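entry_18.csv, holding CSV, C-alpha atoms and all ligand atoms:
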```csv
chain,number,residue,atom,x,y,z
A,8,MET,CA,15.2,30.6,-60.0
A,9,GLN,CA,14.7,27.1,-58.5
A,10,GLU,CA,17.8,25.3,-57.7
A,11,ILE,CA,18.8,21.7,-56.8
A,12,ARG,CA,22.1,21.1,-55.2
A,13,LEU,CA,23.6,17.8,-56.1
A,14,PRO,CA,26.3,16.7,-53.6
A,15,LEU,CA,28.8,14.1,-54.7
A,16,PRO,CA,29.8,11.6,-52.1
A,17,GLY,CA,33.4,11.7,-51.2
A,18,ARG,CA,34.1,15.0,-52.9
A,19,ASP,CA,33.9,18.5,-51.5
A,20,THR,CA,32.2,20.0,-54.4
A,21,GLY,CA,28.9,18.9,-55.9
A,22,TYR,CA,27.1,20.8,-58.6
A,23,ARG,CA,23.9,22.8,-59.1
A,24,ILE,CA,20.9,22.2,-61.3
A,25,VAL,CA,19.2,25.5,-62.0
A,26,ILE,CA,15.7,25.8,-63.4
A,27,GLU,CA,14.0,28.9,-64.7
A,28,PRO,CA,12.0,29.9,-67.8
A,29,GLY,CA,14.3,32.1,-69.9
A,30,VAL,CA,17.5,31.2,-68.1
A,31,ARG,CA,19.2,30.4,-71.5
A,32,LEU,CA,19.2,34.1,-72.2
A,33,ARG,CA,21.2,34.6,-68.9
A,34,LEU,CA,23.7,31.9,-69.5
A,35,GLY,CA,26.6,34.3,-69.3
A,36,PRO,CA,25.9,35.5,-65.8
A,37,VAL,CA,25.0,32.0,-64.7
A,38,LEU,CA,28.4,30.8,-65.8
A,39,ALA,CA,30.4,33.8,-64.6
A,40,PRO,CA,31.2,32.4,-61.1
A,41,PHE,CA,33.2,29.6,-62.8
A,42,ARG,CA,35.7,32.1,-64.3
A,43,PHE,CA,36.0,30.1,-67.5
A,44,PRO,CA,38.4,31.3,-70.2
A,45,PRO,CA,36.6,33.4,-72.8
A,46,GLN,CA,36.5,30.7,-75.5
A,47,VAL,CA,33.6,28.3,-74.8
A,48,VAL,CA,32.5,25.5,-77.2
A,49,VAL,CA,28.8,24.8,-77.7
A,50,ILE,CA,28.0,21.4,-79.2
A,51,SER,CA,24.5,21.0,-80.6
A,52,ASP,CA,22.7,19.0,-83.2
A,53,ARG,CA,21.8,21.0,-86.4
A,54,ARG,CA,18.1,21.1,-85.6
A,55,VAL,CA,18.5,22.5,-82.1
A,56,ALA,CA,21.3,24.8,-83.4
A,57,ARG,CA,18.9,26.2,-86.0
A,58,LEU,CA,16.1,26.8,-83.5
A,59,HIS,CA,18.0,27.9,-80.4
A,60,GLY,CA,21.7,28.3,-81.3
A,61,ALA,CA,21.7,32.1,-82.1
A,62,ALA,CA,19.9,33.0,-78.8
A,63,VAL,CA,22.3,31.0,-76.7
A,64,LEU,CA,25.4,32.2,-78.6
A,65,ASP,CA,24.3,35.8,-78.3
A,66,ALA,CA,23.7,35.4,-74.6
A,67,LEU,CA,27.2,34.0,-74.1
A,68,ALA,CA,28.8,36.7,-76.3
A,69,ALA,CA,26.9,39.4,-74.3
A,70,ALA,CA,28.7,38.3,-71.2
A,71,GLY,CA,32.1,38.7,-72.9
A,72,LEU,CA,32.6,35.1,-73.8
A,73,ALA,CA,33.7,34.0,-77.2
A,74,PRO,CA,31.4,31.0,-78.1
A,75,VAL,CA,32.2,28.6,-80.9
A,76,LEU,CA,29.4,26.4,-82.3
A,77,LEU,CA,30.0,22.8,-83.4
A,78,THR,CA,27.2,20.8,-84.8
A,79,THR,CA,26.3,17.2,-85.3
A,80,PRO,CA,23.5,15.4,-87.3
A,81,PRO,CA,20.3,15.1,-85.2
A,82,GLY,CA,19.4,11.7,-83.8
A,83,GLU,CA,21.0,8.7,-82.2
A,84,ARG,CA,23.1,8.1,-85.3
A,85,ALA,CA,25.5,10.9,-84.2
A,86,LYS,CA,26.7,8.9,-81.2
A,87,THR,CA,29.7,7.4,-82.9
A,88,TRP,CA,33.5,7.3,-82.7
A,89,SER,CA,33.8,9.0,-86.1
A,90,VAL,CA,31.7,12.0,-84.9
A,91,VAL,CA,33.7,12.1,-81.6
A,92,GLN,CA,37.0,12.2,-83.6
A,93,ARG,CA,35.7,14.8,-86.0
A,94,LEU,CA,34.6,17.0,-83.0
A,95,ALA,CA,38.0,16.5,-81.3
A,96,ARG,CA,39.9,17.6,-84.3
A,97,GLU,CA,37.6,20.7,-84.6
A,98,LEU,CA,38.4,21.4,-81.0
A,99,LEU,CA,42.1,21.3,-81.8
A,100,THR,CA,41.7,23.5,-84.9
A,101,ARG,CA,39.9,26.1,-82.8
A,102,GLY,CA,42.7,26.1,-80.2
A,103,ALA,CA,40.8,24.4,-77.4
A,104,HIS,CA,42.9,23.6,-74.3
A,105,ARG,CA,42.5,21.9,-70.9
A,106,ARG,CA,40.3,24.6,-69.5
A,107,THR,CA,38.0,25.2,-72.4
A,108,PRO,CA,34.5,24.5,-71.3
A,109,VAL,CA,32.1,22.4,-73.5
A,110,ILE,CA,28.4,23.2,-73.4
A,111,ALA,CA,26.0,20.5,-74.5
A,112,LEU,CA,23.0,22.3,-76.0
A,113,GLY,CA,20.5,19.6,-77.0
A,114,GLY,CA,18.7,16.4,-76.0
A,115,GLY,CA,20.1,13.2,-74.5
A,116,VAL,CA,22.0,12.4,-77.6
A,117,VAL,CA,24.0,15.7,-77.7
A,118,GLY,CA,24.5,15.4,-73.9
A,119,ASP,CA,25.9,11.9,-74.1
A,120,LEU,CA,28.1,12.7,-77.1
A,121,ALA,CA,29.4,16.1,-75.9
A,122,GLY,CA,29.8,14.6,-72.4
A,123,PHE,CA,31.8,11.7,-73.7
A,124,LEU,CA,34.1,13.9,-75.8
A,125,SER,CA,34.7,16.3,-73.0
A,126,SER,CA,35.5,13.5,-70.6
A,127,ILE,CA,38.4,12.2,-72.8
A,128,PHE,CA,39.7,15.2,-74.7
A,129,MET,CA,43.0,16.1,-73.2
A,130,ARG,CA,41.9,13.8,-70.3
A,131,GLY,CA,38.9,15.9,-69.5
A,132,LEU,CA,37.4,19.4,-70.1
A,133,PRO,CA,34.9,21.2,-67.9
A,134,PHE,CA,31.4,20.2,-69.1
A,135,ILE,CA,28.0,22.1,-68.9
A,136,GLN,CA,24.6,20.6,-69.6
A,137,VAL,CA,21.9,22.8,-71.2
A,138,PRO,CA,19.2,20.2,-72.0
A,139,THR,CA,16.6,21.1,-74.6
A,140,THR,CA,14.3,18.0,-74.5
A,141,LEU,CA,12.1,17.1,-71.6
A,142,LEU,CA,13.8,13.7,-71.4
A,143,ALA,CA,17.2,15.3,-71.0
A,144,MET,CA,15.9,17.8,-68.4
A,145,VAL,CA,14.4,15.2,-66.0
A,146,ASP,CA,16.7,12.3,-66.8
A,147,ALA,CA,19.6,12.1,-69.2
A,148,ALA,CA,21.4,15.4,-68.3
A,149,ILE,CA,21.5,14.5,-64.6
A,150,GLY,CA,23.9,11.9,-63.1
A,151,GLY,CA,27.1,12.2,-65.2
A,152,LYS,CA,26.7,9.3,-67.6
A,153,THR,CA,28.1,9.8,-71.0
A,154,ALA,CA,28.2,7.4,-73.9
A,155,ILE,CA,28.5,6.6,-77.6
A,156,ASP,CA,27.1,3.6,-79.5
A,157,LEU,CA,28.8,0.7,-81.4
A,158,ALA,CA,27.2,-1.2,-84.3
A,159,GLU,CA,26.7,-4.0,-81.7
A,160,GLY,CA,24.6,-1.9,-79.4
A,161,LYS,CA,23.8,1.4,-77.8
A,162,ASN,CA,25.9,3.1,-75.1
A,163,LEU,CA,28.6,0.5,-75.2
A,164,LEU,CA,31.5,3.0,-74.8
A,165,GLY,CA,31.0,5.5,-72.0
A,166,THR,CA,32.4,7.3,-69.0
A,167,PHE,CA,31.2,9.0,-65.8
A,168,HIS,CA,31.9,12.8,-66.2
A,169,GLN,CA,29.9,15.1,-64.0
A,170,PRO,CA,28.9,18.5,-65.4
A,171,ARG,CA,29.9,21.7,-63.6
A,172,ILE,CA,26.3,22.8,-63.7
A,173,VAL,CA,23.0,21.8,-65.4
A,174,VAL,CA,21.0,24.8,-66.7
A,175,ILE,CA,17.3,24.0,-67.5
A,176,ASP,CA,15.1,26.4,-69.4
A,177,PRO,CA,11.6,25.0,-69.9
A,178,GLU,CA,11.0,27.6,-72.7
A,179,PHE,CA,13.1,25.3,-75.0
A,180,LEU,CA,10.2,22.9,-74.9
A,181,ARG,CA,8.0,25.3,-76.8
A,182,THR,CA,9.5,24.0,-80.0
A,183,LEU,CA,9.8,20.3,-79.0
A,184,PRO,CA,7.7,18.0,-81.1
A,185,ARG,CA,4.9,16.1,-79.4
A,186,ALA,CA,6.5,12.7,-79.9
A,187,GLU,CA,9.6,13.9,-78.1
A,188,ARG,CA,7.5,15.4,-75.3
A,189,LEU,CA,6.0,12.0,-74.7
A,190,ASN,CA,9.4,10.5,-74.2
A,191,GLY,CA,10.1,12.9,-71.4
A,192,LEU,CA,6.6,12.6,-69.8
A,193,ALA,CA,7.2,8.9,-69.4
A,194,GLU,CA,10.3,9.6,-67.3
A,195,MET,CA,8.5,12.3,-65.3
A,196,LEU,CA,5.8,9.8,-64.5
A,197,LYS,CA,8.4,7.3,-63.6
A,198,ALA,CA,10.0,9.7,-61.1
A,199,GLY,CA,6.6,10.2,-59.4
A,200,PHE,CA,5.9,6.4,-59.3
A,201,ILE,CA,9.1,5.6,-57.6
A,202,ARG,CA,9.5,8.5,-55.2
A,203,ASP,CA,6.8,11.1,-55.2
A,204,ARG,CA,3.0,10.4,-55.2
A,205,ASP,CA,2.3,14.1,-55.0
A,206,LEU,CA,4.1,14.7,-58.3
A,207,LEU,CA,1.7,12.2,-59.9
A,208,THR,CA,-1.3,14.1,-58.3
A,209,GLN,CA,0.1,17.3,-59.7
A,210,LEU,CA,0.5,15.8,-63.2
A,211,ALA,CA,-3.0,14.3,-63.0
A,212,ALA,CA,-4.4,17.8,-62.3
A,213,VAL,CA,-2.9,19.3,-65.5
A,214,LYS,CA,-2.7,16.3,-67.8
A,215,THR,CA,-2.0,17.2,-71.4
A,216,ARG,CA,-2.5,20.9,-70.6
A,217,LEU,CA,1.0,20.7,-69.0
A,218,PHE,CA,2.8,22.2,-71.9
A,219,LYS,CA,0.5,25.2,-71.9
A,220,ASP,CA,0.9,25.9,-68.2
A,221,GLU,CA,4.5,27.1,-67.8
A,222,ALA,CA,4.3,27.4,-64.0
A,223,ALA,CA,3.1,23.8,-63.7
A,224,LEU,CA,5.6,22.6,-66.2
A,225,THR,CA,8.5,24.3,-64.4
A,226,GLU,CA,7.4,22.9,-61.1
A,227,THR,CA,7.0,19.4,-62.3
A,228,ILE,CA,10.3,19.4,-64.1
A,229,TYR,CA,11.9,20.6,-60.9
A,230,ARG,CA,10.4,17.8,-58.9
A,231,ALA,CA,11.3,15.1,-61.4
A,232,ALA,CA,14.8,16.4,-61.8
A,233,ALA,CA,15.2,16.6,-58.0
A,234,ILE,CA,14.2,12.9,-57.7
A,235,LYS,CA,16.8,11.9,-60.3
A,236,ALA,CA,19.4,14.0,-58.6
A,237,GLN,CA,18.6,12.5,-55.2
A,238,VAL,CA,18.9,9.0,-56.4
A,239,VAL,CA,22.2,9.5,-58.3
A,240,SER,CA,23.9,11.6,-55.7
A,241,ARG,CA,23.4,8.8,-53.1
A,242,ASP,CA,24.6,6.3,-55.6
A,243,GLU,CA,26.9,7.9,-58.2
A,244,ARG,CA,27.9,4.6,-59.9
A,245,GLU,CA,25.6,1.8,-60.8
A,246,GLY,CA,24.5,0.5,-57.4
A,247,ASP,CA,21.4,-0.8,-55.7
A,248,LEU,CA,19.6,2.5,-55.3
A,249,ARG,CA,20.1,3.5,-58.9
A,250,ARG,CA,18.3,0.4,-59.9
A,251,ILE,CA,15.0,1.9,-58.9
A,252,LEU,CA,15.3,4.2,-61.9
A,253,ASN,CA,14.7,1.0,-64.0
A,254,PHE,CA,11.0,1.1,-63.0
A,255,GLY,CA,9.1,0.3,-66.2
A,256,HIS,CA,12.4,-0.2,-68.1
A,257,THR,CA,12.9,-3.9,-67.6
A,258,LEU,CA,10.0,-4.8,-69.9
A,259,GLY,CA,10.4,-1.5,-71.7
A,260,HIS,CA,13.8,-2.4,-73.0
A,261,GLY,CA,12.4,-5.8,-74.1
A,262,LEU,CA,9.6,-4.0,-76.0
A,263,GLU,CA,12.1,-1.7,-77.6
A,264,GLN,CA,14.3,-4.5,-78.7
A,265,ALA,CA,11.5,-6.6,-80.0
A,266,SER,CA,10.3,-3.7,-82.1
A,267,ARG,CA,13.9,-3.2,-83.4
A,268,PHE,CA,13.8,0.3,-81.7
A,269,ARG,CA,10.9,1.4,-83.8
A,270,LEU,CA,8.8,1.8,-80.6
A,271,PRO,CA,9.9,5.2,-79.0
A,272,HIS,CA,11.5,4.9,-75.6
A,273,GLY,CA,8.7,6.8,-73.8
A,274,ARG,CA,6.0,4.5,-75.1
A,275,ALA,CA,8.0,1.4,-74.4
A,276,VAL,CA,8.6,2.6,-70.8
A,277,ALA,CA,4.9,3.6,-70.5
A,278,TRP,CA,3.8,0.0,-71.3
A,279,GLY,CA,6.6,-1.3,-69.1
A,280,MET,CA,5.2,0.8,-66.2
A,281,VAL,CA,1.6,-0.4,-66.9
A,282,ALA,CA,2.9,-4.0,-66.6
A,283,ALA,CA,4.9,-3.2,-63.5
A,284,LEU,CA,1.8,-1.7,-61.8
A,285,THR,CA,-0.1,-4.9,-62.5
A,286,LEU,CA,2.8,-7.0,-61.2
A,287,SER,CA,3.0,-4.8,-58.2
A,288,GLU,CA,-0.6,-5.5,-57.5
A,289,ARG,CA,-0.1,-9.2,-57.7
A,290,LEU,CA,3.4,-9.5,-56.0
A,291,ALA,CA,4.0,-6.4,-53.9
A,292,GLY,CA,0.6,-5.7,-52.3
A,293,LEU,CA,-0.1,-2.5,-54.3
A,294,ASP,CA,-3.7,-1.5,-53.7
A,295,PRO,CA,-5.7,-2.4,-56.8
A,296,ALA,CA,-7.4,1.0,-56.9
A,297,GLU,CA,-4.1,2.8,-56.8
A,298,ALA,CA,-2.7,0.5,-59.5
A,299,GLU,CA,-5.7,1.3,-61.7
A,300,TRP,CA,-5.3,5.1,-61.0
A,301,GLY,CA,-1.7,4.8,-62.0
A,302,ARG,CA,-2.5,2.9,-65.2
A,303,ARG,CA,-5.2,5.4,-66.1
A,304,LEU,CA,-2.8,8.3,-65.5
A,305,ILE,CA,-0.3,6.8,-68.0
A,306,ARG,CA,-3.2,6.4,-70.5
A,307,ASP,CA,-4.4,9.9,-70.0
A,308,PHE,CA,-1.1,11.2,-71.2
A,309,ASP,CA,-1.7,9.3,-74.4
A,310,LEU,CA,1.3,7.1,-73.8
A,311,CYS,CA,-0.5,3.8,-74.3
A,312,ARG,CA,-1.4,3.7,-77.9
A,313,PRO,CA,-1.8,0.1,-79.1
A,314,LEU,CA,1.6,-1.6,-79.6
A,315,PRO,CA,2.7,-2.2,-83.2
A,316,GLU,CA,2.8,-5.9,-84.3
A,317,LEU,CA,5.0,-7.1,-81.6
A,318,ASP,CA,5.8,-10.8,-81.1
A,319,PRO,CA,5.4,-11.5,-77.4
A,320,GLU,CA,7.9,-14.3,-77.8
A,321,ALA,CA,10.5,-11.9,-79.1
A,322,VAL,CA,9.9,-9.7,-76.0
A,323,MET,CA,10.3,-12.6,-73.7
A,324,THR,CA,13.5,-13.6,-75.5
A,325,ALA,CA,14.9,-10.2,-74.9
A,326,LEU,CA,14.0,-10.4,-71.2
A,327,SER,CA,15.5,-13.8,-70.6
A,328,LEU,CA,18.7,-13.5,-72.6
A,329,ASP,CA,20.7,-15.8,-70.4
A,330,LYS,CA,19.7,-19.2,-69.1
A,331,LYS,CA,20.3,-18.3,-65.5
A,332,ARG,CA,17.5,-15.7,-65.8
A,333,GLN,CA,15.1,-18.2,-67.3
A,334,GLU,CA,15.4,-20.4,-64.2
A,335,SER,CA,15.6,-17.8,-61.5
A,336,GLY,CA,13.2,-15.2,-63.0
A,337,VAL,CA,13.8,-11.5,-63.9
A,338,PRO,CA,14.5,-8.7,-61.4
A,339,PHE,CA,11.7,-6.1,-61.4
A,340,VAL,CA,11.3,-2.8,-59.7
A,341,LEU,CA,7.8,-3.0,-58.1
A,342,LEU,CA,5.7,-0.6,-56.0
A,343,PRO,CA,4.2,-1.6,-52.7
A,344,ARG,CA,2.6,1.8,-52.8
A,345,LEU,CA,2.7,4.6,-55.3
A,346,GLY,CA,5.9,6.5,-54.5
A,347,GLU,CA,7.7,3.6,-52.8
A,348,THR,CA,9.8,0.9,-54.4
A,349,VAL,CA,10.9,-2.7,-53.7
A,350,ILE,CA,13.2,-4.7,-55.9
A,351,GLN,CA,11.8,-8.2,-56.5
A,352,ASP,CA,14.6,-10.4,-57.7
A,353,GLY,CA,13.1,-13.4,-59.2
A,354,VAL,CA,9.9,-12.5,-60.9
A,355,ASP,CA,8.6,-15.6,-62.7
A,356,LEU,CA,8.8,-15.2,-66.5
A,357,ARG,CA,5.5,-17.0,-67.0
A,358,LEU,CA,3.8,-14.3,-64.9
A,359,VAL,CA,5.5,-11.6,-66.9
A,360,ALA,CA,4.4,-13.3,-70.2
A,361,ALA,CA,0.8,-13.5,-69.0
A,362,VAL,CA,0.7,-9.8,-68.1
A,363,LEU,CA,2.3,-9.0,-71.4
A,364,LYS,CA,-0.2,-11.1,-73.4
A,365,GLU,CA,-3.1,-9.3,-71.6
A,366,MET,CA,-1.5,-5.9,-72.5
A,367,ILE,CA,-0.7,-6.7,-76.1
A,368,GLY,CA,-4.1,-8.3,-76.6
A,369,GLY,CA,-6.2,-5.8,-74.6
A,370,GLY,CA,-4.4,-2.5,-75.6
A,401,LIG,P1,16.5,12.6,-76.3
A,401,LIG,O1,16.6,13.8,-75.4
A,401,LIG,O2,15.1,12.0,-76.2
A,401,LIG,O3,17.6,11.6,-76.0
A,401,LIG,P2,17.5,13.6,-78.8
A,401,LIG,O4,18.7,14.2,-78.2
A,401,LIG,O5,17.8,12.6,-79.9
A,401,LIG,O6,16.5,12.9,-77.8
A,401,LIG,O7,16.6,14.7,-79.4
A,401,LIG,C1,15.4,14.3,-80.1
A,401,LIG,C2,15.1,15.1,-81.3
A,401,LIG,O8,14.6,16.4,-80.8
A,401,LIG,C3,16.3,15.5,-82.1
A,401,LIG,O9,15.9,15.4,-83.4
A,401,LIG,C4,16.6,16.9,-81.7
A,401,LIG,O10,17.1,17.6,-82.8
A,401,LIG,C5,15.2,17.4,-81.4
A,401,LIG,N1,15.2,18.5,-80.4
A,401,LIG,C6,15.9,18.6,-79.2
A,401,LIG,N2,15.5,19.6,-78.5
A,401,LIG,C7,14.6,20.3,-79.2
A,401,LIG,C8,13.8,21.5,-79.0
A,401,LIG,N3,13.9,22.2,-77.9
A,401,LIG,N4,13.0,21.8,-80.0
A,401,LIG,C9,12.8,21.1,-81.1
A,401,LIG,N5,13.5,20.0,-81.4
A,401,LIG,C10,14.4,19.6,-80.4
A,402,ZN,ZN,14.3,5.9,-69.8
```

Render the structure in this file as structure tokens.
Ligand code: ADP
Ligand code: ZN
Amino acid sequence: MQEIRLPLPGRDTGYRIVIEPGVRLRLGPVLAPFRFPPQVVVISDRRVARLHGAAVLDALAAAGLAPVLLTTPPGERAKTWSVVQRLARELLTRGAHRRTPVIALGGGVVGDLAGFLSSIFMRGLPFIQVPTTLLAMVDAAIGGKTAIDLAEGKNLLGTFHQPRIVVIDPEFLRTLPRAERLNGLAEMLKAGFIRDRDLLTQLAAVKTRLFKDEAALTETIYRAAAIKAQVVSRDEREGDLRRILNFGHTLGHGLEQASRFRLPHGRAVAWGMVAALTLSERLAGLDPAEAEWGRRLIRDFDLCRPLPELDPEAVMTALSLDKKRQESGVPFVLLPRLGETVIQDGVDLRLVAAVLKEMIGGG
């Protein structure tokens, strides 16, 4: 079993991220050291529950625990107050108390929602992350952010609530649809671009065979998760270091918004990284051959399919929401070399617009 220790500054206890194919079937023993009370609550969306709920519940029951399964509708729509309230009432009905652990079994949505609920129910319950999407394994489940959405925007209500442990089983990914895999791949590539050139080399060696090669998959998940853990443990709240995780996301968010969220996160971030590599070449001294190698790697993972009818003006509007930004430029995470970051504070919007036009035009 591979393991990452995630220390939390200013506290004596951190937490562990454990990674091993099949570990979901040993969830009981993995949780035993925590001496939780027998009743544990598993929160999952209906799709994940149908595919993986029984195996996980059996594994918990086999260890003498008494698991209760609560489900939500799949997808971002579940991240609402009304779902939180319904789940909270179900917790009460089932007799949950301050020490009842909540296990999030699912992707980033379930993690955000169950994490949020567990951070506020009776002022906080112990929380465990069991991510089932690649995106959640390498990104969303690590760092302790929780959130729900409002009609006005995503993730507007949230808390920081660190899990007791994160349990990653790459075998969950066998059932993950291709489009969902791409979302996680974009974050994995991001981890390599900002911190680990070797991870990129490793990913380049396996390319789309990654999901057929379980050893390579486990190893690259481990490395990407370790990078996220390293960054957030040094900077638990939103500080300067955490900003490097925005690589590819500045323009990525603009593209998502301009597409009214029809463009999946992974593809938006992929295009954002392509643009950031070009900007890095022009503004941060990234070697053009390295920039091109990086862009080709993103394309090789099939993350750069042509953008839907996107209005470049709408993207730029999303990027320069306030006037101050229009005058002083946008902050961008750039790479002087692959694996190293620099934050450039005032990138000229005209330059961003030019790179965007090349991309949207050229594909
Ligand atoms: P993300 O992790 O990207 O934030 P979600 O939590 O919304 O995404 O999960 C994306 C979709 O994938 C949901 O419809 C969810 O039910 C489904 N899903 C999650 N994990 C798996 C899995 N291991 N196999 C199949 N489908 C899954
Ligand atoms: Zn992201």

Residue neighbourhood Ala61 of chain A, 12 Å, only C-alpha atoms, exclusion window fewer than 6 positions, as a list in words: Arg31, Leu32, Val49, Ser51, Arg53, Val55, Leu67, Ala68, Ala69, Pro74, Val75, Leu76 and Leu112 of chain A

Find the spatial neighbours of Ala291 of chain A, counting all atoms listed in the file, within a cut-off of 9 Å - ignore same-chain residues fewer than 5 positions away - and output them as a ChimeraX atom specification. /A:286,341-344,349,351

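Interatomic distance, atom CA of Val281 of chain A against atom CA of Arg204 of chain A: 16.0 Å.
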
Near Leu356 of chain A, within 8 Å and counting all atoms listed in the file, which residues show up once chain neighbours fewer than 6 positions away are dropped, as a VMD selection string? chain A and resid 323 327 333 336 to 337

Test item: residues at most 12 Å from Gly21 of chain A, only C-alpha atoms, excluding those fewer than 6 positions along its chain, as an NGL selection string: :A and (11-15 or 150-151 or 169-173 or 236 or 239-241 or 243)

Deliver the residues from the most recent selection as a file, using C-alpha atoms, as a PDB file, in the coordinates of the input.
```pdb
ATOM      1  CA  ILE A  11      18.800  21.700 -56.800  1.00  0.00           C
ATOM      2  CA  ARG A  12      22.100  21.100 -55.200  1.00  0.00           C
ATOM      3  CA  LEU A  13      23.600  17.800 -56.100  1.00  0.00           C
ATOM      4  CA  PRO A  14      26.300  16.700 -53.600  1.00  0.00           C
ATOM      5  CA  LEU A  15      28.800  14.100 -54.700  1.00  0.00           C
ATOM      6  CA  GLY A 150      23.900  11.900 -63.100  1.00  0.00           C
ATOM      7  CA  GLY A 151      27.100  12.200 -65.200  1.00  0.00           C
ATOM      8  CA  GLN A 169      29.900  15.100 -64.000  1.00  0.00           C
ATOM      9  CA  PRO A 170      28.900  18.500 -65.400  1.00  0.00           C
ATOM     10  CA  ARG A 171      29.900  21.700 -63.600  1.00  0.00           C
ATOM     11  CA  ILE A 172      26.300  22.800 -63.700  1.00  0.00           C
ATOM     12  CA  VAL A 173      23.000  21.800 -65.400  1.00  0.00           C
ATOM     13  CA  ALA A 236      19.400  14.000 -58.600  1.00  0.00           C
ATOM     14  CA  VAL A 239      22.200   9.500 -58.300  1.00  0.00           C
ATOM     15  CA  SER A 240      23.900  11.600 -55.700  1.00  0.00           C
ATOM     16  CA  ARG A 241      23.400   8.800 -53.100  1.00  0.00           C
ATOM     17  CA  GLU A 243      26.900   7.900 -58.200  1.00  0.00           C
TER      18      GLU A 243
END
```

Could the residues of chain A that have an atom at most 10 Å from ligand LIG 401 (chain A) be listed as CSV, each with its closest atom pair and the distance in Å to one decimal, counting all atoms listed in the file and ordered by chain and ascending residue number?
```
residue,atom,partner,partner_atom,distance
A:Ser51,CA,A:LIG401,O10,8.4
A:Asp52,CA,A:LIG401,O10,5.8
A:Arg53,CA,A:LIG401,O10,6.8
A:Arg54,CA,A:LIG401,O10,4.6
A:Val55,CA,A:LIG401,O10,5.1
A:Ala56,CA,A:LIG401,O10,8.4
A:Arg57,CA,A:LIG401,C9,9.3
A:Leu58,CA,A:LIG401,N4,6.8
A:His59,CA,A:LIG401,N3,7.5
A:Thr79,CA,A:LIG401,O10,9.5
A:Pro80,CA,A:LIG401,O10,8.1
A:Pro81,CA,A:LIG401,O10,4.7
A:Gly82,CA,A:LIG401,O5,4.3
A:Glu83,CA,A:LIG401,O5,5.5
A:Arg84,CA,A:LIG401,O5,8.8
A:Ala85,CA,A:LIG401,O5,9.0
A:Lys86,CA,A:LIG401,O5,9.7
A:Leu112,CA,A:LIG401,N2,8.4
A:Gly113,CA,A:LIG401,C6,5.2
A:Gly114,CA,A:LIG401,O4,3.1
A:Gly115,CA,A:LIG401,O3,3.3
A:Val116,CA,A:LIG401,O4,3.8
A:Val117,CA,A:LIG401,O4,5.5
A:Gly118,CA,A:LIG401,O4,7.3
A:Asp119,CA,A:LIG401,O3,8.5
A:Leu120,CA,A:LIG401,O4,9.6
A:Pro138,CA,A:LIG401,N2,7.5
A:Thr139,CA,A:LIG401,N2,4.3
A:Thr140,CA,A:LIG401,N2,4.5
A:Leu141,CA,A:LIG401,O1,6.8
A:Leu142,CA,A:LIG401,O1,4.9
A:Ala143,CA,A:LIG401,O1,4.7
A:Met144,CA,A:LIG401,O1,8.1
A:Val145,CA,A:LIG401,O1,9.8
A:Asp146,CA,A:LIG401,O1,8.7
A:Ala147,CA,A:LIG401,O1,7.1
A:Ala148,CA,A:LIG401,O1,8.7
A:Asp176,CA,A:LIG401,N3,9.6
A:Pro177,CA,A:LIG401,N3,8.8
A:Glu178,CA,A:LIG401,N3,8.0
A:Phe179,CA,A:LIG401,N3,4.3
A:Leu180,CA,A:LIG401,N3,4.8
A:Arg181,CA,A:LIG401,N3,6.8
A:Thr182,CA,A:LIG401,N4,4.1
A:Leu183,CA,A:LIG401,N4,3.7
A:Pro184,CA,A:LIG401,C9,6.0
A:Arg185,CA,A:LIG401,C9,9.5
A:Ala186,CA,A:LIG401,O8,9.0
A:Glu187,CA,A:LIG401,O2,6.1
A:Arg188,CA,A:LIG401,O2,8.4
A:Leu189,CA,A:LIG401,O2,9.2
A:Asn190,CA,A:LIG401,O2,6.2
A:Gly191,CA,A:LIG401,O2,7.0
A:Pro271,CA,A:LIG401,O2,9.0
A:His272,CA,A:LIG401,O2,8.0
A:Gly273,CA,A:LIG401,O2,8.6
```

Kindly reconstruct segment 101-107 of chain A with N, CA and C atoms and present the result as an mmCIF file, in the coordinates of the input.
```cif
data_model
loop_
_atom_site.group_PDB
_atom_site.id
_atom_site.type_symbol
_atom_site.label_atom_id
_atom_site.label_comp_id
_atom_site.auth_asym_id
_atom_site.auth_seq_id
_atom_site.Cartn_x
_atom_site.Cartn_y
_atom_site.Cartn_z
ATOM 1 N N ARG A 101 40.326 24.820 -83.375
ATOM 2 C CA ARG A 101 39.900 26.100 -82.800
ATOM 3 C C ARG A 101 40.769 26.497 -81.592
ATOM 4 N N GLY A 102 41.782 25.704 -81.286
ATOM 5 C CA GLY A 102 42.700 26.100 -80.200
ATOM 6 C C GLY A 102 42.195 25.761 -78.809
ATOM 7 N N ALA A 103 41.299 24.763 -78.695
ATOM 8 C CA ALA A 103 40.800 24.400 -77.400
ATOM 9 C C ALA A 103 41.954 23.842 -76.517
ATOM 10 N N HIS A 104 41.899 24.094 -75.211
ATOM 11 C CA HIS A 104 42.900 23.600 -74.300
ATOM 12 C C HIS A 104 42.235 23.010 -73.063
ATOM 13 N N ARG A 105 43.027 22.596 -72.084
ATOM 14 C CA ARG A 105 42.500 21.900 -70.900
ATOM 15 C C ARG A 105 41.368 22.566 -70.168
ATOM 16 N N ARG A 106 41.331 23.886 -70.254
ATOM 17 C CA ARG A 106 40.300 24.600 -69.500
ATOM 18 C C ARG A 106 39.131 25.066 -70.295
ATOM 19 N N THR A 107 39.132 24.728 -71.580
ATOM 20 C CA THR A 107 38.000 25.200 -72.400
ATOM 21 C C THR A 107 36.731 24.431 -72.077
#
```
